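Everything below concerns the one structure shown next.
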Amino acid sequence: DMVLLRSSSAYGSRVSTPTNKSSRLLADIDVLKSLLNESKLGATVEVVTTVDSTQKALLNRPKAMLNSGVTLVAHHQSAGVGRLERKWESEPGDGLMMSVALHGDDPLLPLHIGNELVAALIPYLPNIKLKWPNDLVVEVDGKTRKHGGILLQRHSEDSKIVIVGIGINFKFSGSRPTTEAISLSDLVATLPDINVLTAEILKRLLGDSKNVIETYRNNCLTIGKDVVVQMINTEDVVGRAVEVSNQGGLVIETMAGKVEVLTGDVKHLRASE
């Protein structure tokens, strides 16, 4: 399922094939290694030309091969997986597709990861925000548009190993996957170097988390919005999102009073809805 382009791995041999050094939109293992060595970051990064899903690839590895910082970056995914098992296919150069193994059981990890992605993207997109819990979004003409997503899944062998899937839209070679989807090329004239962005994200994810809740509240576009939260086993929650609790839950003022939601799929409502 996976074609290896180049690999810098503690577990296997190095494989090399010709790459286009001039491309800023395709991850290059040599450039990434140089950037990561400069920051003295203890990450093991692999770059592949194609894979069904970076997330599935890491989840299927034995835990002994998943030290914190093990990262898989793909040029192309044929069956990427998002929240609620949503799937998408991305073409080479269309965006950043990666999964990272992290260790820990901090309940605020999803918010921390969202914060660090925002911090990494702000130099390129100053109005980047988070839709609770961790969709990367921008607001355009009063409408929330999705720029990227984050998926956290625990490893079946060890619940303290968390595989973090990250997808960030650079451009759409084919049709736009959804009407709410937006890419960097829709918003800025110059796209970032994918290697620089990848290294910055890893540097932040593997660093210390500080002031997670306070920072998240500042990053969260959902606070103050009228929302509907689609729940898995209960009725949808409809109301105004008024705050994020210290536990990371979304507090919603409903007709029946305040409700704290710990998990769910949020839709921002416009006045007409």
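Chain labels A, B, ... are given in the sequence in which chains occur in the structure tokens; within each chain residues are numbered consecutively from 1, and ligands are likewise numbered from 1 in the order shown.
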Practice task
Write out as a list in words which residues come within 7 Å of A:Val138 when counting only C-alpha atoms, dropping same-chain ones fewer than 5 positions away.
Solution key: Asn127, Ile128, Lys129, Thr144, Arg145, Lys146 and His147 of chain A
Output file for the residues above (N, CA and C atoms, as a PDB file, in the first residue's frame):
ATOM      1  N   ASN A 127      -5.446  35.145  10.117  1.00  0.00           N
ATOM      2  CA  ASN A 127      -6.794  34.971  10.664  1.00  0.00           C
ATOM      3  C   ASN A 127      -7.170  33.510  10.894  1.00  0.00           C
ATOM      4  N   ILE A 128      -6.177  32.610  10.939  1.00  0.00           N
ATOM      5  CA  ILE A 128      -6.474  31.197  11.190  1.00  0.00           C
ATOM      6  C   ILE A 128      -6.994  31.011  12.609  1.00  0.00           C
ATOM      7  N   LYS A 129      -8.050  30.218  12.745  1.00  0.00           N
ATOM      8  CA  LYS A 129      -8.679  29.963  14.041  1.00  0.00           C
ATOM      9  C   LYS A 129      -9.019  28.478  14.161  1.00  0.00           C
ATOM     10  N   THR A 144     -17.892  30.183   8.113  1.00  0.00           N
ATOM     11  CA  THR A 144     -16.743  29.410   8.583  1.00  0.00           C
ATOM     12  C   THR A 144     -16.300  28.443   7.496  1.00  0.00           C
ATOM     13  N   ARG A 145     -15.031  28.587   7.056  1.00  0.00           N
ATOM     14  CA  ARG A 145     -14.499  27.732   6.000  1.00  0.00           C
ATOM     15  C   ARG A 145     -13.377  26.874   6.572  1.00  0.00           C
ATOM     16  N   LYS A 146     -13.397  25.593   6.258  1.00  0.00           N
ATOM     17  CA  LYS A 146     -12.426  24.654   6.818  1.00  0.00           C
ATOM     18  C   LYS A 146     -11.149  24.622   5.986  1.00  0.00           C
ATOM     19  N   HIS A 147     -10.040  24.889   6.664  1.00  0.00           N
ATOM     20  CA  HIS A 147      -8.737  24.949   6.009  1.00  0.00           C
ATOM     21  C   HIS A 147      -7.909  23.676   6.271  1.00  0.00           C
TER      22      HIS A 147
END
Handout entry: Test item, alpha helix (DSSP H) assignment across stretch 47-246 of chain A, answer as a VMD selection string
Key = chain A and resid 54 to 59 109 to 121 184 to 187 194 to 205 212 to 219
Requested write-out: C-alpha atoms of the selected residues, as an mmCIF file, in the first residue's frame:
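Saved the output as part-v8.cif:
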data_model
loop_
_atom_site.group_PDB
_atom_site.id
_atom_site.type_symbol
_atom_site.label_atom_id
_atom_site.label_comp_id
_atom_site.auth_asym_id
_atom_site.auth_seq_id
_atom_site.Cartn_x
_atom_site.Cartn_y
_atom_site.Cartn_z
ATOM 1 C CA THR A 54 -0.703 8.068 6.994
ATOM 2 C CA GLN A 55 -2.938 7.597 10.020
ATOM 3 C CA LYS A 56 -3.703 3.950 9.281
ATOM 4 C CA ALA A 57 -0.062 3.275 8.445
ATOM 5 C CA LEU A 58 1.140 4.381 11.893
ATOM 6 C CA LEU A 59 -1.793 2.831 13.759
ATOM 7 C CA LEU A 109 -3.821 17.174 24.217
ATOM 8 C CA PRO A 110 -6.360 17.830 21.420
ATOM 9 C CA LEU A 111 -6.531 21.504 22.377
ATOM 10 C CA HIS A 112 -2.752 21.772 22.714
ATOM 11 C CA ILE A 113 -2.290 20.341 19.229
ATOM 12 C CA GLY A 114 -4.836 22.770 17.818
ATOM 13 C CA ASN A 115 -3.031 25.675 19.468
ATOM 14 C CA GLU A 116 0.327 24.628 18.039
ATOM 15 C CA LEU A 117 -1.064 24.232 14.517
ATOM 16 C CA VAL A 118 -2.531 27.726 14.724
ATOM 17 C CA ALA A 119 0.808 29.103 15.926
ATOM 18 C CA ALA A 120 2.619 27.409 13.037
ATOM 19 C CA LEU A 121 0.166 28.741 10.440
ATOM 20 C CA LEU A 184 -4.157 28.536 1.305
ATOM 21 C CA SER A 185 -4.095 29.361 -2.417
ATOM 22 C CA ASP A 186 -7.631 30.773 -2.061
ATOM 23 C CA LEU A 187 -6.364 33.183 0.581
ATOM 24 C CA ILE A 194 5.991 22.481 2.994
ATOM 25 C CA ASN A 195 9.287 21.371 4.572
ATOM 26 C CA VAL A 196 9.615 24.531 6.655
ATOM 27 C CA LEU A 197 5.989 24.249 7.791
ATOM 28 C CA THR A 198 6.339 20.535 8.617
ATOM 29 C CA ALA A 199 9.470 21.153 10.683
ATOM 30 C CA GLU A 200 7.809 24.024 12.534
ATOM 31 C CA ILE A 201 4.773 21.885 13.351
ATOM 32 C CA LEU A 202 6.951 19.056 14.686
ATOM 33 C CA LYS A 203 9.019 21.470 16.742
ATOM 34 C CA ARG A 204 5.854 22.781 18.348
ATOM 35 C CA LEU A 205 4.112 19.429 18.861
ATOM 36 C CA VAL A 212 -3.370 25.495 26.989
ATOM 37 C CA ILE A 213 -6.900 26.548 27.949
ATOM 38 C CA GLU A 214 -6.221 30.284 27.939
ATOM 39 C CA THR A 215 -4.498 30.074 24.560
ATOM 40 C CA TYR A 216 -7.224 27.854 23.166
ATOM 41 C CA ARG A 217 -9.967 30.260 24.200
ATOM 42 C CA ASN A 218 -8.186 32.994 22.257
ATOM 43 C CA ASN A 219 -7.891 30.722 19.218
#
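Counting only C-alpha atoms, the residue from A:Ile232, A:Leu66, A:Leu36, A:Leu26 that sits nearest to A:Asp158 is A:Leu66.
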Problem - A:Gly104 environment, 8 Å, only C-alpha atoms, sequence neighbours closer than 3 positions dropped, as a count of residues only - result: 3
Handout entry: Distance of atom CA of A:Glu253 from atom CA of A:Leu221, expressed in Å to one decimal place
Key = 16.1 Å
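Candidate residues A:Leu130, A:Leu191, A:Ile182, A:Leu72 were compared for distance to A:Val47, and the nearest is A:Leu72, using only C-alpha atoms.
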Taking only stretch 77-268 of chain A into account, list the residues labelled strand (DSSP E or B) by DSSP (computed from the backbone), as an mmCIF file with N, CA and C atoms, in the first residue's frame.
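Heads up, here's the output in out.cif:
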data_model
loop_
_atom_site.group_PDB
_atom_site.id
_atom_site.type_symbol
_atom_site.label_atom_id
_atom_site.label_comp_id
_atom_site.auth_asym_id
_atom_site.auth_seq_id
_atom_site.Cartn_x
_atom_site.Cartn_y
_atom_site.Cartn_z
ATOM 1 N N GLN A 77 -2.355 10.746 -0.678
ATOM 2 C CA GLN A 77 -3.153 9.776 0.083
ATOM 3 C C GLN A 77 -4.319 9.336 -0.786
ATOM 4 N N SER A 78 -4.523 8.035 -0.862
ATOM 5 C CA SER A 78 -5.640 7.530 -1.665
ATOM 6 C C SER A 78 -6.904 7.331 -0.849
ATOM 7 N N ALA A 79 -6.744 7.254 0.482
ATOM 8 C CA ALA A 79 -7.919 7.022 1.341
ATOM 9 C C ALA A 79 -7.665 7.649 2.706
ATOM 10 N N GLY A 80 -7.441 8.959 2.699
ATOM 11 C CA GLY A 80 -7.240 9.666 3.957
ATOM 12 C C GLY A 80 -8.460 9.563 4.849
ATOM 13 N N VAL A 81 -8.240 9.602 6.160
ATOM 14 C CA VAL A 81 -9.330 9.428 7.120
ATOM 15 C C VAL A 81 -9.414 10.648 8.012
ATOM 16 N N LYS A 87 -13.717 10.412 4.587
ATOM 17 C CA LYS A 87 -12.565 10.067 3.751
ATOM 18 C C LYS A 87 -12.351 11.138 2.686
ATOM 19 N N TRP A 88 -11.101 11.295 2.279
ATOM 20 C CA TRP A 88 -10.794 12.176 1.175
ATOM 21 C C TRP A 88 -9.530 11.688 0.487
ATOM 22 N N GLU A 89 -9.402 12.101 -0.784
ATOM 23 C CA GLU A 89 -8.194 11.782 -1.550
ATOM 24 C C GLU A 89 -7.532 13.093 -1.940
ATOM 25 N N SER A 90 -6.228 13.157 -1.803
ATOM 26 C CA SER A 90 -5.495 14.383 -2.105
ATOM 27 C C SER A 90 -4.404 14.087 -3.119
ATOM 28 N N GLY A 95 -1.304 19.641 -0.468
ATOM 29 C CA GLY A 95 -1.305 20.046 0.929
ATOM 30 C C GLY A 95 -0.357 19.222 1.764
ATOM 31 N N LEU A 96 -0.408 19.476 3.052
ATOM 32 C CA LEU A 96 0.411 18.745 4.011
ATOM 33 C C LEU A 96 -0.416 17.617 4.591
ATOM 34 N N MET A 97 0.065 16.397 4.424
ATOM 35 C CA MET A 97 -0.606 15.218 4.958
ATOM 36 C C MET A 97 0.402 14.461 5.803
ATOM 37 N N MET A 98 0.165 14.376 7.090
ATOM 38 C CA MET A 98 1.150 13.749 7.971
ATOM 39 C C MET A 98 0.470 13.166 9.196
ATOM 40 N N SER A 99 1.137 12.202 9.803
ATOM 41 C CA SER A 99 0.717 11.664 11.096
ATOM 42 C C SER A 99 1.945 11.572 11.987
ATOM 43 N N VAL A 100 1.736 11.845 13.264
ATOM 44 C CA VAL A 100 2.818 11.902 14.242
ATOM 45 C C VAL A 100 2.432 11.067 15.458
ATOM 46 N N ALA A 101 3.371 10.291 15.965
ATOM 47 C CA ALA A 101 3.148 9.547 17.210
ATOM 48 C C ALA A 101 3.590 10.411 18.386
ATOM 49 N N LEU A 102 2.692 10.582 19.346
ATOM 50 C CA LEU A 102 3.001 11.289 20.580
ATOM 51 C C LEU A 102 2.673 10.372 21.749
ATOM 52 N N HIS A 103 3.357 10.560 22.868
ATOM 53 C CA HIS A 103 3.108 9.747 24.054
ATOM 54 C C HIS A 103 2.519 10.613 25.158
ATOM 55 N N LYS A 129 -8.050 30.218 12.745
ATOM 56 C CA LYS A 129 -8.679 29.963 14.041
ATOM 57 C C LYS A 129 -9.019 28.478 14.161
ATOM 58 N N LEU A 130 -9.622 28.123 15.283
ATOM 59 C CA LEU A 130 -10.061 26.748 15.511
ATOM 60 C C LEU A 130 -11.567 26.702 15.695
ATOM 61 N N LYS A 131 -12.188 25.752 15.018
ATOM 62 C CA LYS A 131 -13.574 25.410 15.346
ATOM 63 C C LYS A 131 -13.499 24.264 16.332
ATOM 64 N N ASP A 135 -10.762 21.753 14.397
ATOM 65 C CA ASP A 135 -10.729 22.001 12.960
ATOM 66 C C ASP A 135 -10.038 23.339 12.731
ATOM 67 N N LEU A 136 -9.159 23.406 11.738
ATOM 68 C CA LEU A 136 -8.505 24.654 11.370
ATOM 69 C C LEU A 136 -9.427 25.404 10.412
ATOM 70 N N VAL A 137 -9.816 26.618 10.786
ATOM 71 C CA VAL A 137 -10.820 27.342 10.010
ATOM 72 C C VAL A 137 -10.434 28.811 9.843
ATOM 73 N N VAL A 138 -11.042 29.431 8.852
ATOM 74 C CA VAL A 138 -11.010 30.879 8.704
ATOM 75 C C VAL A 138 -12.442 31.340 8.473
ATOM 76 N N GLU A 139 -12.713 32.583 8.809
ATOM 77 C CA GLU A 139 -14.045 33.135 8.573
ATOM 78 C C GLU A 139 -13.970 34.039 7.351
ATOM 79 N N VAL A 140 -14.804 33.748 6.354
ATOM 80 C CA VAL A 140 -14.835 34.513 5.118
ATOM 81 C C VAL A 140 -16.269 34.967 4.869
ATOM 82 N N LYS A 143 -18.870 33.386 6.959
ATOM 83 C CA LYS A 143 -19.026 31.937 6.870
ATOM 84 C C LYS A 143 -17.748 31.251 7.324
ATOM 85 N N THR A 144 -17.892 30.183 8.113
ATOM 86 C CA THR A 144 -16.743 29.410 8.583
ATOM 87 C C THR A 144 -16.300 28.443 7.496
ATOM 88 N N ARG A 145 -15.031 28.587 7.056
ATOM 89 C CA ARG A 145 -14.499 27.732 6.000
ATOM 90 C C ARG A 145 -13.377 26.874 6.572
ATOM 91 N N LYS A 146 -13.397 25.593 6.258
ATOM 92 C CA LYS A 146 -12.426 24.654 6.818
ATOM 93 C C LYS A 146 -11.149 24.622 5.986
ATOM 94 N N HIS A 147 -10.040 24.889 6.664
ATOM 95 C CA HIS A 147 -8.737 24.949 6.009
ATOM 96 C C HIS A 147 -7.909 23.676 6.271
ATOM 97 N N GLY A 148 -8.245 22.969 7.341
ATOM 98 C CA GLY A 148 -7.505 21.752 7.665
ATOM 99 C C GLY A 148 -8.143 21.062 8.850
ATOM 100 N N GLY A 149 -7.647 19.882 9.133
ATOM 101 C CA GLY A 149 -8.211 19.110 10.225
ATOM 102 C C GLY A 149 -7.164 18.351 11.000
ATOM 103 N N ILE A 150 -7.544 17.953 12.201
ATOM 104 C CA ILE A 150 -6.672 17.207 13.102
ATOM 105 C C ILE A 150 -7.466 16.018 13.628
ATOM 106 N N LEU A 151 -6.843 14.853 13.611
ATOM 107 C CA LEU A 151 -7.495 13.636 14.096
ATOM 108 C C LEU A 151 -6.575 12.943 15.090
ATOM 109 N N LEU A 152 -7.096 12.642 16.270
ATOM 110 C CA LEU A 152 -6.324 11.929 17.288
ATOM 111 C C LEU A 152 -6.918 10.549 17.502
ATOM 112 N N GLN A 153 -6.069 9.527 17.435
ATOM 113 C CA GLN A 153 -6.507 8.155 17.683
ATOM 114 C C GLN A 153 -5.480 7.438 18.551
ATOM 115 N N ARG A 154 -5.949 6.713 19.538
ATOM 116 C CA ARG A 154 -5.048 5.987 20.433
ATOM 117 C C ARG A 154 -4.700 4.623 19.833
ATOM 118 N N ILE A 161 -0.082 5.912 23.598
ATOM 119 C CA ILE A 161 0.469 6.310 22.296
ATOM 120 C C ILE A 161 -0.676 6.889 21.469
ATOM 121 N N VAL A 162 -0.545 8.158 21.137
ATOM 122 C CA VAL A 162 -1.572 8.852 20.368
ATOM 123 C C VAL A 162 -1.024 9.154 18.977
ATOM 124 N N ILE A 163 -1.763 8.741 17.961
ATOM 125 C CA ILE A 163 -1.387 9.059 16.585
ATOM 126 C C ILE A 163 -2.190 10.291 16.161
ATOM 127 N N VAL A 164 -1.469 11.335 15.816
ATOM 128 C CA VAL A 164 -2.081 12.611 15.458
ATOM 129 C C VAL A 164 -2.020 12.782 13.947
ATOM 130 N N GLY A 165 -3.170 12.771 13.308
ATOM 131 C CA GLY A 165 -3.244 12.995 11.877
ATOM 132 C C GLY A 165 -3.508 14.464 11.585
ATOM 133 N N ILE A 166 -2.765 15.024 10.637
ATOM 134 C CA ILE A 166 -2.890 16.442 10.302
ATOM 135 C C ILE A 166 -3.043 16.581 8.793
ATOM 136 N N GLY A 167 -4.040 17.330 8.386
ATOM 137 C CA GLY A 167 -4.223 17.633 6.975
ATOM 138 C C GLY A 167 -4.441 19.126 6.808
ATOM 139 N N ILE A 168 -3.631 19.763 5.950
ATOM 140 C CA ILE A 168 -3.741 21.201 5.714
ATOM 141 C C ILE A 168 -3.825 21.429 4.207
ATOM 142 N N ASN A 169 -4.865 22.119 3.776
ATOM 143 C CA ASN A 169 -5.085 22.348 2.346
ATOM 144 C C ASN A 169 -4.189 23.475 1.828
ATOM 145 N N ALA A 181 -14.877 23.818 2.302
ATOM 146 C CA ALA A 181 -13.421 23.666 2.239
ATOM 147 C C ALA A 181 -12.780 24.892 1.602
ATOM 148 N N CYS A 220 -10.190 30.030 19.606
ATOM 149 C CA CYS A 220 -11.428 29.326 19.262
ATOM 150 C C CYS A 220 -12.478 30.267 18.666
ATOM 151 N N ASP A 226 -23.658 30.863 17.374
ATOM 152 C CA ASP A 226 -24.801 29.964 17.466
ATOM 153 C C ASP A 226 -24.398 28.671 16.769
ATOM 154 N N VAL A 227 -24.642 27.543 17.438
ATOM 155 C CA VAL A 227 -24.142 26.271 16.934
ATOM 156 C C VAL A 227 -25.178 25.169 17.048
ATOM 157 N N VAL A 228 -24.965 24.131 16.277
ATOM 158 C CA VAL A 228 -25.634 22.860 16.492
ATOM 159 C C VAL A 228 -24.528 21.821 16.609
ATOM 160 N N VAL A 229 -24.601 21.009 17.660
ATOM 161 C CA VAL A 229 -23.607 19.969 17.888
ATOM 162 C C VAL A 229 -24.265 18.628 17.616
ATOM 163 N N GLN A 230 -23.750 17.930 16.613
ATOM 164 C CA GLN A 230 -24.284 16.616 16.280
ATOM 165 C C GLN A 230 -23.662 15.588 17.215
ATOM 166 N N VAL A 237 -27.417 19.123 20.140
ATOM 167 C CA VAL A 237 -27.474 20.241 21.080
ATOM 168 C C VAL A 237 -27.443 21.533 20.269
ATOM 169 N N VAL A 238 -28.434 22.389 20.497
ATOM 170 C CA VAL A 238 -28.550 23.635 19.745
ATOM 171 C C VAL A 238 -28.531 24.803 20.719
ATOM 172 N N GLY A 239 -27.746 25.822 20.413
ATOM 173 C CA GLY A 239 -27.699 26.998 21.276
ATOM 174 C C GLY A 239 -26.515 27.872 20.914
ATOM 175 N N ARG A 240 -26.107 28.706 21.874
ATOM 176 C CA ARG A 240 -24.954 29.585 21.658
ATOM 177 C C ARG A 240 -23.770 29.093 22.474
ATOM 178 N N ALA A 241 -22.640 28.917 21.807
ATOM 179 C CA ALA A 241 -21.418 28.513 22.512
ATOM 180 C C ALA A 241 -20.912 29.714 23.306
ATOM 181 N N VAL A 242 -20.796 29.544 24.622
ATOM 182 C CA VAL A 242 -20.452 30.689 25.465
ATOM 183 C C VAL A 242 -19.053 30.607 26.059
ATOM 184 N N GLU A 243 -18.509 29.391 26.188
ATOM 185 C CA GLU A 243 -17.152 29.289 26.724
ATOM 186 C C GLU A 243 -16.597 27.877 26.512
ATOM 187 N N VAL A 244 -15.298 27.768 26.734
ATOM 188 C CA VAL A 244 -14.639 26.467 26.799
ATOM 189 C C VAL A 244 -14.237 26.256 28.247
ATOM 190 N N LEU A 250 -17.047 22.188 25.481
ATOM 191 C CA LEU A 250 -17.728 23.357 24.927
ATOM 192 C C LEU A 250 -19.023 23.584 25.701
ATOM 193 N N VAL A 251 -19.150 24.756 26.304
ATOM 194 C CA VAL A 251 -20.335 25.098 27.090
ATOM 195 C C VAL A 251 -21.311 25.848 26.193
ATOM 196 N N ILE A 252 -22.536 25.327 26.111
ATOM 197 C CA ILE A 252 -23.545 25.877 25.208
ATOM 198 C C ILE A 252 -24.757 26.322 26.011
ATOM 199 N N GLU A 253 -25.180 27.543 25.758
ATOM 200 C CA GLU A 253 -26.400 28.077 26.372
ATOM 201 C C GLU A 253 -27.567 27.661 25.494
ATOM 202 N N THR A 254 -28.384 26.720 26.011
ATOM 203 C CA THR A 254 -29.539 26.233 25.261
ATOM 204 C C THR A 254 -30.816 26.797 25.856
ATOM 205 N N GLY A 257 -31.026 25.707 29.375
ATOM 206 C CA GLY A 257 -29.932 26.023 30.282
ATOM 207 C C GLY A 257 -28.587 25.646 29.678
ATOM 208 N N LYS A 258 -27.533 25.778 30.477
ATOM 209 C CA LYS A 258 -26.189 25.507 29.980
ATOM 210 C C LYS A 258 -25.907 24.005 29.924
ATOM 211 N N VAL A 259 -25.276 23.591 28.848
ATOM 212 C CA VAL A 259 -24.890 22.200 28.644
ATOM 213 C C VAL A 259 -23.417 22.180 28.250
ATOM 214 N N GLU A 260 -22.650 21.270 28.870
ATOM 215 C CA GLU A 260 -21.249 21.120 28.479
ATOM 216 C C GLU A 260 -21.105 19.881 27.609
ATOM 217 N N VAL A 261 -20.551 20.074 26.441
ATOM 218 C CA VAL A 261 -20.340 18.992 25.480
ATOM 219 C C VAL A 261 -18.866 18.636 25.473
ATOM 220 N N ASP A 265 -19.747 16.878 16.864
ATOM 221 C CA ASP A 265 -19.387 17.533 15.612
ATOM 222 C C ASP A 265 -20.143 18.859 15.536
ATOM 223 N N VAL A 266 -19.406 19.964 15.532
ATOM 224 C CA VAL A 266 -20.001 21.294 15.646
ATOM 225 C C VAL A 266 -20.199 21.933 14.277
ATOM 226 N N LYS A 267 -21.346 22.546 14.114
ATOM 227 C CA LYS A 267 -21.596 23.381 12.933
ATOM 228 C C LYS A 267 -21.911 24.782 13.407
ATOM 229 N N HIS A 268 -21.197 25.778 12.856
ATOM 230 C CA HIS A 268 -21.488 27.178 13.145
ATOM 231 C C HIS A 268 -22.691 27.588 12.314
#
Problem - Nearest residue to A:Asn134 from the set A:Pro92, A:Thr222, A:Pro177, A:Asn246 (distances using only C-alpha atoms) - result: A:Thr222
